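Next comes input_38.csv, a file with CSV, C-alpha atoms.
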chain,number,residue,atom,x,y,z
C,1,MET,CA,19.1,13.6,71.3
C,2,LYS,CA,19.7,14.5,67.6
C,3,THR,CA,17.3,17.4,67.5
C,4,ASP,CA,19.4,19.2,70.2
C,5,ASP,CA,22.5,18.7,68.0
C,6,LEU,CA,20.6,20.2,65.1
C,7,ILE,CA,19.7,23.2,67.3
C,8,ASP,CA,23.4,23.6,68.2
C,9,ALA,CA,24.4,23.5,64.6
C,10,LEU,CA,21.8,26.0,63.6
C,11,ALA,CA,22.6,28.4,66.5
C,12,ARG,CA,26.3,28.5,65.4
C,13,ASP,CA,25.2,29.7,62.0
C,14,PRO,CA,25.6,33.5,61.8
C,15,ALA,CA,22.5,35.7,61.2
C,16,PRO,CA,21.7,36.2,57.5
C,17,PRO,CA,22.6,39.5,55.9
C,18,PRO,CA,19.4,41.6,55.7
C,19,ALA,CA,17.7,41.2,52.3
C,20,PRO,CA,16.2,44.2,50.5
C,21,PRO,CA,12.6,44.8,51.6
C,22,ALA,CA,10.1,42.6,49.7
C,23,PRO,CA,8.0,45.5,48.3
C,24,ARG,CA,11.1,47.0,46.6
C,25,ARG,CA,12.0,43.6,45.1
C,26,MET,CA,8.4,43.1,43.9
C,27,ALA,CA,8.4,46.6,42.3
C,28,PHE,CA,11.5,45.6,40.4
C,29,ALA,CA,10.0,42.3,39.3
C,30,LEU,CA,6.8,44.0,38.1
C,31,GLY,CA,8.8,46.6,36.2
C,32,ALA,CA,11.0,44.0,34.5
C,33,GLY,CA,8.0,41.8,33.8
C,34,LEU,CA,6.1,44.7,32.2
C,35,LEU,CA,9.1,45.5,29.9
C,36,LEU,CA,9.6,41.8,28.9
C,37,GLY,CA,5.9,41.6,28.2
C,38,VAL,CA,6.2,44.7,25.9
C,39,VAL,CA,9.1,43.0,24.1
C,40,LEU,CA,7.0,39.8,23.6
C,41,LEU,CA,4.1,41.9,22.3
C,42,VAL,CA,6.3,43.9,19.8
C,43,THR,CA,8.0,40.7,18.7
C,44,PHE,CA,5.0,38.5,18.1
C,45,PHE,CA,2.0,40.8,17.7
C,46,GLY,CA,3.1,44.3,17.1
C,47,MET,CA,1.3,47.5,18.4
C,48,ARG,CA,-2.1,48.3,17.1
C,49,PRO,CA,-1.6,50.4,13.9
C,50,ASP,CA,-3.6,53.4,15.0
C,51,ILE,CA,-1.9,53.6,18.5
C,52,GLY,CA,-1.1,57.3,17.9
C,53,ALA,CA,-4.7,58.3,17.3
C,54,ALA,CA,-6.1,55.9,20.0
C,55,GLN,CA,-4.0,57.1,22.9
C,56,MET,CA,-7.1,57.8,25.0
C,57,PRO,CA,-8.7,54.3,24.9
C,58,VAL,CA,-5.3,52.6,25.2
C,59,MET,CA,-4.5,54.6,28.3
C,60,MET,CA,-7.9,53.8,29.8
C,61,LYS,CA,-7.5,50.1,29.2
C,62,ALA,CA,-3.9,50.1,30.6
C,63,MET,CA,-5.2,52.0,33.7
C,64,PHE,CA,-8.0,49.5,34.3
C,65,SER,CA,-5.4,46.7,34.1
C,66,ALA,CA,-3.0,48.5,36.4
C,67,LEU,CA,-5.8,49.0,38.9
C,68,ALA,CA,-6.5,45.2,38.8
C,69,ALA,CA,-2.8,44.5,39.4
C,70,SER,CA,-2.5,47.0,42.2
C,71,VAL,CA,-5.4,45.6,44.2
C,72,ALA,CA,-3.8,42.1,44.0
C,73,VAL,CA,-0.3,43.3,45.0
C,74,PRO,CA,-1.1,43.9,48.7
C,75,VAL,CA,-2.6,40.4,48.9
C,76,LEU,CA,0.5,38.8,47.3
C,77,LEU,CA,2.9,40.8,49.5
C,78,GLN,CA,0.9,39.8,52.6
C,79,LEU,CA,0.9,36.1,51.7
C,80,ALA,CA,4.6,36.1,51.0
C,81,LYS,CA,5.5,36.0,54.6
C,82,PRO,CA,4.0,33.4,57.1
C,83,GLY,CA,1.4,34.1,59.7
C,84,ARG,CA,-0.1,37.4,58.5
C,85,PRO,CA,-3.9,37.7,58.0
C,86,LEU,CA,-5.2,39.3,54.8
C,87,GLY,CA,-7.7,41.8,56.4
C,88,TRP,CA,-8.6,44.8,54.3
C,89,ARG,CA,-6.6,43.5,51.4
C,90,ILE,CA,-9.1,40.9,50.4
C,91,ALA,CA,-11.9,43.5,50.8
C,92,ALA,CA,-10.1,45.7,48.3
C,93,VAL,CA,-10.2,42.9,45.7
C,94,GLY,CA,-13.9,42.4,46.3
C,95,GLY,CA,-14.4,46.2,45.9
C,96,PHE,CA,-12.6,46.1,42.6
C,97,VAL,CA,-14.8,43.2,41.3
C,98,LEU,CA,-17.9,45.2,42.3
C,99,LEU,CA,-16.5,48.3,40.6
C,100,SER,CA,-15.9,46.3,37.4
C,101,ALA,CA,-19.4,44.9,37.4
C,102,GLY,CA,-20.7,48.5,37.9
C,103,ILE,CA,-18.7,49.8,35.0
C,104,VAL,CA,-20.0,47.1,32.7
C,105,GLY,CA,-23.6,47.8,33.9
C,106,VAL,CA,-23.3,51.6,33.4
C,107,ALA,CA,-21.7,51.1,29.9
C,108,LEU,CA,-24.5,48.8,28.8
C,109,ILE,CA,-27.3,50.9,30.2
C,110,GLY,CA,-25.8,54.0,28.6
C,111,GLY,CA,-25.5,52.3,25.2
C,112,ASP,CA,-28.2,52.0,22.5
C,113,PRO,CA,-30.5,49.1,23.6
C,114,THR,CA,-30.4,47.5,20.1
C,115,GLU,CA,-26.6,47.5,20.2
C,116,ARG,CA,-26.1,46.3,23.7
C,117,PHE,CA,-25.2,42.8,22.9
C,118,GLN,CA,-22.9,44.0,20.2
C,119,LEU,CA,-21.2,46.4,22.7
C,120,TRP,CA,-20.7,43.6,25.2
C,121,MET,CA,-19.6,40.8,22.9
C,122,ALA,CA,-18.4,42.9,19.9
C,123,GLY,CA,-19.1,39.9,17.7
C,124,ALA,CA,-15.4,39.0,17.8
C,125,PHE,CA,-13.6,36.2,19.5
C,126,PRO,CA,-12.1,37.6,22.8
C,127,TRP,CA,-8.4,36.9,21.9
C,128,CYS,CA,-7.3,38.7,25.0
C,129,VAL,CA,-8.4,35.7,27.1
C,130,ALA,CA,-5.6,33.7,25.4
C,131,ILE,CA,-3.0,36.4,24.8
C,132,ILE,CA,-3.1,38.2,28.2
C,133,PRO,CA,-1.9,35.0,30.1
C,134,LEU,CA,0.9,34.7,27.5
C,135,LEU,CA,2.0,38.4,28.1
C,136,ALA,CA,1.7,37.8,31.8
C,137,ALA,CA,4.2,34.9,31.8
C,138,PRO,CA,7.4,36.9,32.2
C,139,THR,CA,6.0,38.7,35.2
C,140,ALA,CA,4.7,35.4,36.6
C,141,LEU,CA,8.2,33.8,36.3
C,142,LEU,CA,9.9,36.8,38.0
C,143,LEU,CA,7.4,36.8,40.8
C,144,THR,CA,7.7,33.0,41.3
C,145,ARG,CA,11.4,33.4,41.7
C,146,LEU,CA,10.9,36.2,44.2
C,147,LEU,CA,8.3,34.4,46.2
C,148,ARG,CA,10.4,31.2,46.5
C,149,ASP,CA,13.0,33.4,48.1
C,150,LEU,CA,10.4,34.6,50.6
C,151,ALA,CA,8.3,32.1,52.6
C,152,PRO,CA,4.7,31.8,51.4
C,153,THR,CA,2.8,29.1,53.4
C,154,ASP,CA,-0.5,29.2,51.6
C,155,LEU,CA,0.7,28.2,48.2
C,156,ARG,CA,-2.7,28.0,46.5
C,157,ALA,CA,-3.8,31.5,47.6
C,158,SER,CA,-0.3,32.9,46.9
C,159,GLY,CA,-0.4,31.3,43.4
C,160,ALA,CA,-3.8,32.9,42.8
C,161,ALA,CA,-2.6,36.3,43.9
C,162,LEU,CA,0.6,35.9,41.8
C,163,GLY,CA,-1.5,35.0,38.8
C,164,ALA,CA,-3.8,38.0,39.3
C,165,VAL,CA,-0.9,40.4,39.6
C,166,SER,CA,0.8,39.0,36.5
C,167,GLY,CA,-2.5,39.0,34.6
C,168,GLY,CA,-3.0,42.7,35.4
C,169,ILE,CA,0.5,43.4,34.1
C,170,GLY,CA,-0.2,41.2,31.0
C,171,ALA,CA,-3.4,43.1,30.4
C,172,MET,CA,-1.5,46.5,30.6
C,173,VAL,CA,0.7,45.3,27.8
C,174,TYR,CA,-2.2,43.8,25.8
C,175,ALA,CA,-3.9,47.3,25.9
C,176,MET,CA,-1.3,48.5,23.3
C,177,TYR,CA,-2.5,45.8,20.9
C,178,CYS,CA,-6.1,45.4,21.7
C,179,PRO,CA,-8.2,46.7,18.8
C,180,VAL,CA,-11.6,46.8,20.6
C,181,ASP,CA,-12.5,50.0,22.6
C,182,SER,CA,-16.0,49.1,23.8
C,183,VAL,CA,-15.8,49.7,27.6
C,184,ALA,CA,-18.2,46.8,28.4
C,185,TRP,CA,-16.3,44.4,26.2
C,186,VAL,CA,-12.9,45.4,27.6
C,187,VAL,CA,-13.9,45.3,31.3
C,188,THR,CA,-15.6,41.9,30.9
C,189,TRP,CA,-13.0,40.1,28.9
C,190,TYR,CA,-9.9,41.6,30.6
C,191,SER,CA,-11.4,40.6,33.9
C,192,VAL,CA,-12.0,37.1,32.6
C,193,ALA,CA,-8.4,36.9,31.4
C,194,ILE,CA,-7.0,38.1,34.7
C,195,ALA,CA,-9.3,35.7,36.6
C,196,LEU,CA,-8.0,32.9,34.3
C,197,CYS,CA,-4.4,33.9,35.2
C,198,ALA,CA,-5.4,33.7,38.9
C,199,VAL,CA,-6.9,30.2,38.5
C,200,LEU,CA,-3.8,29.0,36.6
C,201,GLY,CA,-1.6,30.5,39.3
C,202,ALA,CA,-3.5,28.7,42.0
C,203,PHE,CA,-2.9,25.4,40.4
C,204,ALA,CA,0.7,26.1,39.4
C,205,GLY,CA,1.5,27.7,42.8
C,206,ALA,CA,0.9,24.5,44.8
C,207,ARG,CA,3.9,23.0,42.9
C,208,LEU,CA,6.1,25.9,41.9
C,209,LEU,CA,6.1,27.9,45.1
C,210,ARG,CA,7.3,25.1,47.4
C,211,TRP,CA,10.3,25.8,49.4
G,1,MET,CA,1.2,29.0,72.6
G,2,VAL,CA,-0.6,32.2,73.6
G,3,GLU,CA,1.2,32.7,76.9
G,4,ALA,CA,4.5,32.0,75.2
G,5,GLU,CA,4.1,34.9,72.7
G,6,ALA,CA,5.8,37.6,74.8
G,7,GLU,CA,8.8,35.5,75.7
G,8,LEU,CA,9.2,34.0,72.2
G,9,LYS,CA,8.9,37.4,70.5
G,10,ARG,CA,11.6,38.8,72.8
G,11,LEU,CA,13.9,35.9,71.9
G,12,MET,CA,13.1,36.2,68.2
G,13,LEU,CA,13.8,39.9,68.0
G,14,ALA,CA,17.1,39.5,70.0
G,15,GLY,CA,18.1,36.6,67.8
G,16,LEU,CA,17.4,38.7,64.6
G,17,ALA,CA,19.5,41.5,66.1
G,18,GLY,CA,22.5,39.1,66.3
G,19,ASP,CA,22.1,37.6,69.8
G,20,ALA,CA,23.1,33.9,69.1
G,21,ALA,CA,22.3,32.7,72.7
G,22,ALA,CA,18.8,34.1,72.4
G,23,HIS,CA,18.4,32.5,69.0
G,24,ARG,CA,19.5,29.2,70.5
G,25,THR,CA,17.0,29.5,73.4
G,26,LEU,CA,14.3,30.3,70.9
G,27,LEU,CA,15.0,27.2,68.7
G,28,ALA,CA,15.0,25.0,71.8
G,29,ALA,CA,11.7,26.4,73.1
G,30,VAL,CA,10.2,26.2,69.6
G,31,ALA,CA,11.3,22.6,69.3
G,32,ARG,CA,9.3,21.7,72.4
G,33,HIS,CA,6.2,23.4,71.1
G,34,LEU,CA,6.6,21.7,67.7
G,35,ARG,CA,7.1,18.3,69.2
G,36,ASN,CA,3.7,18.6,71.0
G,37,TYR,CA,2.1,20.0,67.9
G,38,TYR,CA,3.3,17.3,65.5
G,39,ARG,CA,3.0,14.3,68.0
G,40,ALA,CA,-0.7,15.2,68.4
G,41,ARG,CA,-1.2,15.3,64.6
G,42,MET,CA,1.0,12.3,63.6
G,43,ARG,CA,-0.2,9.6,65.9
G,44,GLY,CA,1.4,6.3,65.2
G,45,ALA,CA,4.4,7.9,63.4
G,46,PRO,CA,6.7,9.4,66.1
G,47,GLU,CA,9.7,9.3,63.8
G,48,ASP,CA,7.8,11.4,61.2
G,49,ALA,CA,6.9,13.8,64.0
G,50,GLU,CA,10.6,14.2,65.0
G,51,ASP,CA,11.6,14.6,61.3
G,52,LEU,CA,9.0,17.4,61.0
G,53,VAL,CA,10.3,19.1,64.1
G,54,GLN,CA,13.8,19.2,62.6
G,55,GLU,CA,12.6,20.2,59.1
G,56,THR,CA,10.6,23.0,60.7
G,57,LEU,CA,13.5,24.2,62.9
G,58,ILE,CA,15.6,24.4,59.8
G,59,ALA,CA,12.9,26.3,58.0
G,60,ILE,CA,12.4,28.7,61.0
G,61,HIS,CA,16.2,29.2,61.1
G,62,THR,CA,16.9,29.7,57.4
G,63,ARG,CA,13.8,31.8,56.8
G,64,ARG,CA,13.9,33.9,60.0
G,65,ASP,CA,14.2,37.1,58.0
G,66,SER,CA,10.6,36.4,56.8
G,67,TYR,CA,9.3,37.3,60.3
G,68,ASP,CA,7.3,40.5,60.3
G,69,ALA,CA,7.6,42.0,63.8
G,70,SER,CA,4.2,43.8,63.5
G,71,TYR,CA,2.5,40.4,63.8
G,72,PRO,CA,2.7,37.7,66.6
G,73,VAL,CA,5.8,35.4,66.3
G,74,THR,CA,3.6,32.4,67.3
G,75,ALA,CA,1.4,33.0,64.3
G,76,TRP,CA,4.6,33.0,62.1
G,77,ILE,CA,5.9,29.8,63.7
G,78,TYR,CA,2.4,28.1,63.5
G,79,ALA,CA,2.1,29.0,59.8
G,80,ILE,CA,5.5,27.5,59.0
G,81,ALA,CA,4.8,24.4,61.1
G,82,ARG,CA,1.5,23.9,59.3
G,83,TYR,CA,3.1,24.4,56.0
G,84,ARG,CA,5.8,21.9,56.7
G,85,MET,CA,3.2,19.3,57.7
G,86,ILE,CA,1.2,19.8,54.5
G,87,ASP,CA,4.4,19.6,52.5
G,88,HIS,CA,5.3,16.4,54.3
G,89,PHE,CA,2.0,14.8,53.5
G,90,ARG,CA,2.3,15.9,49.9
G,91,ARG,CA,5.7,14.4,49.6
G,92,HIS,CA,4.8,11.1,51.2
G,93,LYS,CA,1.3,10.7,49.7
G,94,ARG,CA,2.5,8.4,47.0
G,95,ARG,CA,4.3,6.1,49.3
G,96,GLY,CA,2.9,3.8,51.9
G,97,GLY,CA,1.4,1.1,49.8
G,98,ASP,CA,3.1,-2.1,50.9
G,99,HIS,CA,0.7,-4.4,49.1
G,100,ILE,CA,1.0,-3.6,45.4
G,101,PRO,CA,-0.8,-5.9,43.0
G,102,LEU,CA,1.4,-7.6,40.5
G,103,ASP,CA,0.0,-5.6,37.6
G,104,ASP,CA,1.2,-2.4,39.1
G,105,ALA,CA,4.7,-3.6,39.6
G,106,PRO,CA,6.2,-1.0,37.2
G,107,GLU,CA,5.1,1.7,39.7
G,108,LEU,CA,7.6,0.3,42.1
G,109,PHE,CA,10.4,1.9,40.0
G,110,THR,CA,8.6,5.2,39.9
G,111,ALA,CA,8.4,5.1,43.7
G,112,ALA,CA,12.1,4.4,44.0
G,113,GLU,CA,12.8,7.4,41.8
G,114,ASP,CA,10.7,9.6,44.0
G,115,GLN,CA,12.6,8.5,47.1
G,116,ALA,CA,15.9,9.4,45.4
G,117,SER,CA,14.6,12.9,44.6
G,118,ASP,CA,13.3,13.3,48.1
G,119,ALA,CA,16.7,12.4,49.6
G,120,ARG,CA,18.4,14.9,47.3
G,121,ARG,CA,16.0,17.6,48.3
G,122,ASP,CA,16.8,17.0,52.0
G,123,VAL,CA,20.4,17.6,51.2
G,124,MET,CA,19.5,20.7,49.4
G,125,ARG,CA,17.6,21.9,52.4
G,126,LEU,CA,20.7,21.4,54.6
G,127,LEU,CA,22.8,23.0,52.0
G,128,ASP,CA,20.8,26.1,52.3
G,129,THR,CA,21.9,26.5,56.0
G,130,LEU,CA,25.5,26.8,55.0
G,131,PRO,CA,27.2,30.2,54.5
G,132,ALA,CA,26.7,31.5,51.0
G,133,LYS,CA,30.4,31.1,50.0
G,134,GLN,CA,30.5,27.4,51.0
G,135,ARG,CA,27.1,26.7,49.5
G,136,GLU,CA,28.1,28.2,46.2
G,137,ALA,CA,31.4,26.4,46.1
G,138,ILE,CA,29.7,23.0,46.8
G,139,GLN,CA,26.9,23.7,44.3
G,140,LEU,CA,29.3,24.5,41.5
G,141,VAL,CA,32.2,22.1,42.1
G,142,LYS,CA,30.5,19.1,43.8
G,143,LEU,CA,27.0,19.2,42.4
G,144,ASP,CA,27.3,20.8,39.0
G,145,GLY,CA,30.7,19.2,38.4
G,146,MET,CA,32.4,22.5,37.3
G,147,SER,CA,36.2,22.7,37.5
G,148,VAL,CA,37.7,24.5,40.4
G,149,LYS,CA,39.2,27.0,38.0
G,150,ASP,CA,35.8,27.8,36.3
G,151,ALA,CA,34.1,28.0,39.7
G,152,ALA,CA,36.7,30.4,40.9
G,153,ALA,CA,36.2,32.6,37.9
G,154,ARG,CA,32.4,32.5,38.3
G,155,LEU,CA,32.5,33.3,42.1
G,156,ASN,CA,35.2,35.8,41.7
G,157,LEU,CA,37.4,34.0,44.2
G,158,SER,CA,40.9,32.5,44.1
G,159,GLU,CA,41.1,28.8,43.3
G,160,SER,CA,42.4,27.9,46.7
G,161,ASP,CA,39.6,29.8,48.3
G,162,VAL,CA,37.0,27.8,46.3
G,163,LYS,CA,38.8,24.5,47.3
G,164,VAL,CA,38.8,25.4,51.0
G,165,SER,CA,35.2,26.7,50.9
G,166,ALA,CA,33.9,23.5,49.2
G,167,HIS,CA,35.9,21.3,51.6
G,168,ARG,CA,34.7,23.2,54.7
G,169,GLY,CA,31.2,23.3,53.4
G,170,LEU,CA,31.1,19.6,52.8
G,171,LYS,CA,32.4,18.9,56.3
G,172,ALA,CA,29.8,21.2,57.8
G,173,LEU,CA,27.1,19.5,55.6
G,174,MET,CA,28.2,16.0,56.7
G,175,LYS,CA,28.0,17.1,60.3
G,176,LEU,CA,24.5,18.6,59.7
G,177,MET,CA,23.3,15.4,58.0
G,178,ALA,CA,24.7,13.2,60.8
G,179,ASP,CA,23.0,15.4,63.3
G,180,ALA,CA,19.7,15.6,61.4
G,181,GLY,CA,19.6,11.8,61.3
G,182,PRO,CA,17.9,9.6,58.8

Could you show the structure in this file as structure tokens?
Amino acid sequence: MKTDDLIDALARDPAPPPAPPAPRRMAFALGAGLLLGVVLLVTFFGMRPDIGAAQMPVMMKAMFSALAASVAVPVLLQLAKPGRPLGWRIAAVGGFVLLSAGIVGVALIGGDPTERFQLWMAGAFPWCVAIIPLLAAPTALLLTRLLRDLAPTDLRASGAALGAVSGGIGAMVYAMYCPVDSVAWVVTWYSVAIALCAVLGAFAGARLLRW
Amino acid sequence: MVEAEAELKRLMLAGLAGDAAAHRTLLAAVARHLRNYYRARMRGAPEDAEDLVQETLIAIHTRRDSYDASYPVTAWIYAIARYRMIDHFRRHKRRGGDHIPLDDAPELFTAAEDQASDARRDVMRLLDTLPAKQREAIQLVKLDGMSVKDAAARLNLSESDVKVSAHRGLKALMKLMADAGP
């Protein structure tokens, strides 16, 4: 029986050398992706001119984005190896979404009622929805390479988690350019941009993450 | 598979620790489970079921470092088996229409191309099971068409080392392909 021959052939194959742990490799990919995103930003968009004076809002926006990425990282890591349930990790993502909705609510209630709509929509086109996925691309490529090396078996969910993590990193970079400091505006549109990255990732993942 | 968990986990951990005999026993036991699993789900296509058994065994072997010992090994095997089946359906979805209307004849050529790429992928999968040195030598010299000299420089090996690795690797690959069957 041929399958038995295959088993013999496989059994003669020596054990693989242990690979570095996945979390460490992912941390490296995220760091490199962040740096490449900053290079993209500086090359094509530049920093916001008043970045020195606006350190506080820039930091807040970057921290919100980093939080978004860091609730998606455990999901992505868990999905990278077969047969592991998500458990609390998915609840953490849900908690983050609720927290974001809460922040937008508080920011709007605290604002002047006549300016509420202005605070939320800022009367400007939310360019971040288009630019954040762009700045997320280097991270997404590095994470795709890493994940293909591991063994994700739910490609759609893995792709979505990969997109969300990359989107969070892209948003961290975008915070250095983003000229709008309204909390309600930032939380709303950054979340939309990161969710868009997750949707793109879910579609691309089914193809790109195959192994 | 529930009763099998304790025994399979013991074999898996021993195999990962370098016990080749335990690894072999594990693969043989898993093959029996997989055969039941796929035969029940691929009624009317027993060859496809056996192909999937082999593909999954290769996946389980080459990706065995993806097993996280804090979870059941049967869940790990089941996830891979399910993934390989979904991947199988995805790859074969576009085939299987024997009665193609005349108007759609050009699609025939598209289908033929798909089959070629499928075959190539299968070789790639087997190639992955070779030791790294042999795999890289074959990739560079035989598949990318690089000269032995350039490949040696790239891999930081002597030229004769590259030649021997590519040759040994090809022999091993041919054996694997013959064993894996059509």

Please compute the CA of Trp76 (chain G)-CA of Ala204 (chain C) distance, one decimal, in Å.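 Separation between CA of Trp76 (chain G) and CA of Ala204 (chain C): 24.0 Å.
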
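Shortest atom-to-atom contact with chain G among C:Val129, C:Ile90, C:Leu196, C:Leu209: C:Leu209, counting only C-alpha atoms.
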
Please identify every residue of chain C that has at least one atom no farther than 12 Å from an atom of chain G, counting only C-alpha atoms, and for each give the shortest atom pair and the distance in Å to one decimal, arranged by chain then increasing number, as a tab-separated table.
residue	atom	partner	partner_atom	distance
C:Met1	CA	G:Asp179	CA	9.1
C:Lys2	CA	G:Asp179	CA	5.5
C:Thr3	CA	G:Gln54	CA	6.3
C:Asp4	CA	G:Ala28	CA	7.5
C:Asp5	CA	G:Asp179	CA	5.8
C:Leu6	CA	G:Asp179	CA	5.7
C:Ile7	CA	G:Leu27	CA	6.3
C:Asp8	CA	G:Arg24	CA	7.2
C:Ala9	CA	G:Leu176	CA	6.9
C:Leu10	CA	G:His61	CA	6.9
C:Ala11	CA	G:Arg24	CA	5.1
C:Arg12	CA	G:Ala20	CA	7.3
C:Asp13	CA	G:Thr129	CA	7.6
C:Pro14	CA	G:Ala20	CA	7.7
C:Ala15	CA	G:Gly18	CA	6.1
C:Pro16	CA	G:Asp65	CA	7.6
C:Pro17	CA	G:Asp65	CA	9.0
C:Pro18	CA	G:Asp65	CA	7.3
C:Ala19	CA	G:Asp65	CA	7.8
C:Pro20	CA	G:Asp65	CA	10.5
C:Pro21	CA	G:Ser66	CA	10.1
C:Ala22	CA	G:Ser66	CA	9.4
C:Leu77	CA	G:Ser66	CA	11.5
C:Gln78	CA	G:Asp68	CA	10.0
C:Leu79	CA	G:Ala79	CA	10.8
C:Ala80	CA	G:Ser66	CA	8.4
C:Lys81	CA	G:Ser66	CA	5.6
C:Pro82	CA	G:Trp76	CA	5.1
C:Gly83	CA	G:Trp76	CA	4.1
C:Arg84	CA	G:Tyr71	CA	6.6
C:Pro85	CA	G:Tyr71	CA	9.0
C:Leu86	CA	G:Tyr71	CA	11.9
C:Leu147	CA	G:Ser66	CA	11.0
C:Arg148	CA	G:Arg63	CA	10.9
C:Asp149	CA	G:Arg63	CA	8.9
C:Leu150	CA	G:Ser66	CA	6.5
C:Ala151	CA	G:Ser66	CA	6.4
C:Pro152	CA	G:Ile80	CA	8.8
C:Thr153	CA	G:Tyr83	CA	5.4
C:Asp154	CA	G:Tyr83	CA	7.4
C:Leu155	CA	G:Tyr83	CA	9.0
C:Arg156	CA	G:Tyr83	CA	11.7
C:Ala206	CA	G:Asp87	CA	9.8
C:Arg207	CA	G:Arg90	CA	10.1
C:Leu209	CA	G:Asp87	CA	11.2
C:Arg210	CA	G:Asp87	CA	8.0
C:Trp211	CA	G:Arg125	CA	8.8

Output file for the residues above (C-alpha atoms, as a PDB file, in the frame of the given file):
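Final output, out.pdb:
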ATOM      1  CA  MET C   1      19.100  13.600  71.300  1.00  0.00           C
ATOM      2  CA  LYS C   2      19.700  14.500  67.600  1.00  0.00           C
ATOM      3  CA  THR C   3      17.300  17.400  67.500  1.00  0.00           C
ATOM      4  CA  ASP C   4      19.400  19.200  70.200  1.00  0.00           C
ATOM      5  CA  ASP C   5      22.500  18.700  68.000  1.00  0.00           C
ATOM      6  CA  LEU C   6      20.600  20.200  65.100  1.00  0.00           C
ATOM      7  CA  ILE C   7      19.700  23.200  67.300  1.00  0.00           C
ATOM      8  CA  ASP C   8      23.400  23.600  68.200  1.00  0.00           C
ATOM      9  CA  ALA C   9      24.400  23.500  64.600  1.00  0.00           C
ATOM     10  CA  LEU C  10      21.800  26.000  63.600  1.00  0.00           C
ATOM     11  CA  ALA C  11      22.600  28.400  66.500  1.00  0.00           C
ATOM     12  CA  ARG C  12      26.300  28.500  65.400  1.00  0.00           C
ATOM     13  CA  ASP C  13      25.200  29.700  62.000  1.00  0.00           C
ATOM     14  CA  PRO C  14      25.600  33.500  61.800  1.00  0.00           C
ATOM     15  CA  ALA C  15      22.500  35.700  61.200  1.00  0.00           C
ATOM     16  CA  PRO C  16      21.700  36.200  57.500  1.00  0.00           C
ATOM     17  CA  PRO C  17      22.600  39.500  55.900  1.00  0.00           C
ATOM     18  CA  PRO C  18      19.400  41.600  55.700  1.00  0.00           C
ATOM     19  CA  ALA C  19      17.700  41.200  52.300  1.00  0.00           C
ATOM     20  CA  PRO C  20      16.200  44.200  50.500  1.00  0.00           C
ATOM     21  CA  PRO C  21      12.600  44.800  51.600  1.00  0.00           C
ATOM     22  CA  ALA C  22      10.100  42.600  49.700  1.00  0.00           C
ATOM     23  CA  LEU C  77       2.900  40.800  49.500  1.00  0.00           C
ATOM     24  CA  GLN C  78       0.900  39.800  52.600  1.00  0.00           C
ATOM     25  CA  LEU C  79       0.900  36.100  51.700  1.00  0.00           C
ATOM     26  CA  ALA C  80       4.600  36.100  51.000  1.00  0.00           C
ATOM     27  CA  LYS C  81       5.500  36.000  54.600  1.00  0.00           C
ATOM     28  CA  PRO C  82       4.000  33.400  57.100  1.00  0.00           C
ATOM     29  CA  GLY C  83       1.400  34.100  59.700  1.00  0.00           C
ATOM     30  CA  ARG C  84      -0.100  37.400  58.500  1.00  0.00           C
ATOM     31  CA  PRO C  85      -3.900  37.700  58.000  1.00  0.00           C
ATOM     32  CA  LEU C  86      -5.200  39.300  54.800  1.00  0.00           C
ATOM     33  CA  LEU C 147       8.300  34.400  46.200  1.00  0.00           C
ATOM     34  CA  ARG C 148      10.400  31.200  46.500  1.00  0.00           C
ATOM     35  CA  ASP C 149      13.000  33.400  48.100  1.00  0.00           C
ATOM     36  CA  LEU C 150      10.400  34.600  50.600  1.00  0.00           C
ATOM     37  CA  ALA C 151       8.300  32.100  52.600  1.00  0.00           C
ATOM     38  CA  PRO C 152       4.700  31.800  51.400  1.00  0.00           C
ATOM     39  CA  THR C 153       2.800  29.100  53.400  1.00  0.00           C
ATOM     40  CA  ASP C 154      -0.500  29.200  51.600  1.00  0.00           C
ATOM     41  CA  LEU C 155       0.700  28.200  48.200  1.00  0.00           C
ATOM     42  CA  ARG C 156      -2.700  28.000  46.500  1.00  0.00           C
ATOM     43  CA  ALA C 206       0.900  24.500  44.800  1.00  0.00           C
ATOM     44  CA  ARG C 207       3.900  23.000  42.900  1.00  0.00           C
ATOM     45  CA  LEU C 209       6.100  27.900  45.100  1.00  0.00           C
ATOM     46  CA  ARG C 210       7.300  25.100  47.400  1.00  0.00           C
ATOM     47  CA  TRP C 211      10.300  25.800  49.400  1.00  0.00           C
TER      48      TRP C 211
END

Can you measure CA of Ile132 (chain C) to CA of Met172 (chain C) for me? One decimal in Å is fine.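 Between these atoms lies a distance of 8.8 Å.
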
Tell me which protein, DNA and RNA residues are within 10 Å of Ala136 (chain C), counting all atoms listed in the file, leaving out same-chain ones fewer than 4 positions away, and put them as a PyMOL selection string. chain C and resi 33-34+36-37+40+131-132+140-141+163-174+194+197

Please measure the separation of CA of Ala130 (chain C) and CA of Ala92 (chain C), giving the value in Å to one decimal.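 The value is 26.2 Å.
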
With distances taken over all atoms listed in the file, which residue among C:Ala161, C:Met56, C:Met47, C:Leu134 lies nearest Val93 (chain C)?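 With all atoms listed in the file as the atom set, the closest residue is C:Ala161.
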
Under the rule that only C-alpha atoms are counted, which of G:Leu34, G:Met146, G:Ile138, G:Leu155 is the nearest residue to Gly169 (chain G)?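 Selected residue with least distance to Gly169 (chain G): G:Ile138.
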
Need the shell around Leu99 (chain C): protein/DNA/RNA residues with any atom at most 12 Å away, counting all atoms listed in the file. Skip same-chain ones fewer than 6 positions apart. Format as a list in words?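 Counting only the stated atoms, we get Phe64, Leu67, Ala68, Val71, Ala92, Val93, Gly105, Val106, Val187, Thr188 and Ser191 of chain C.
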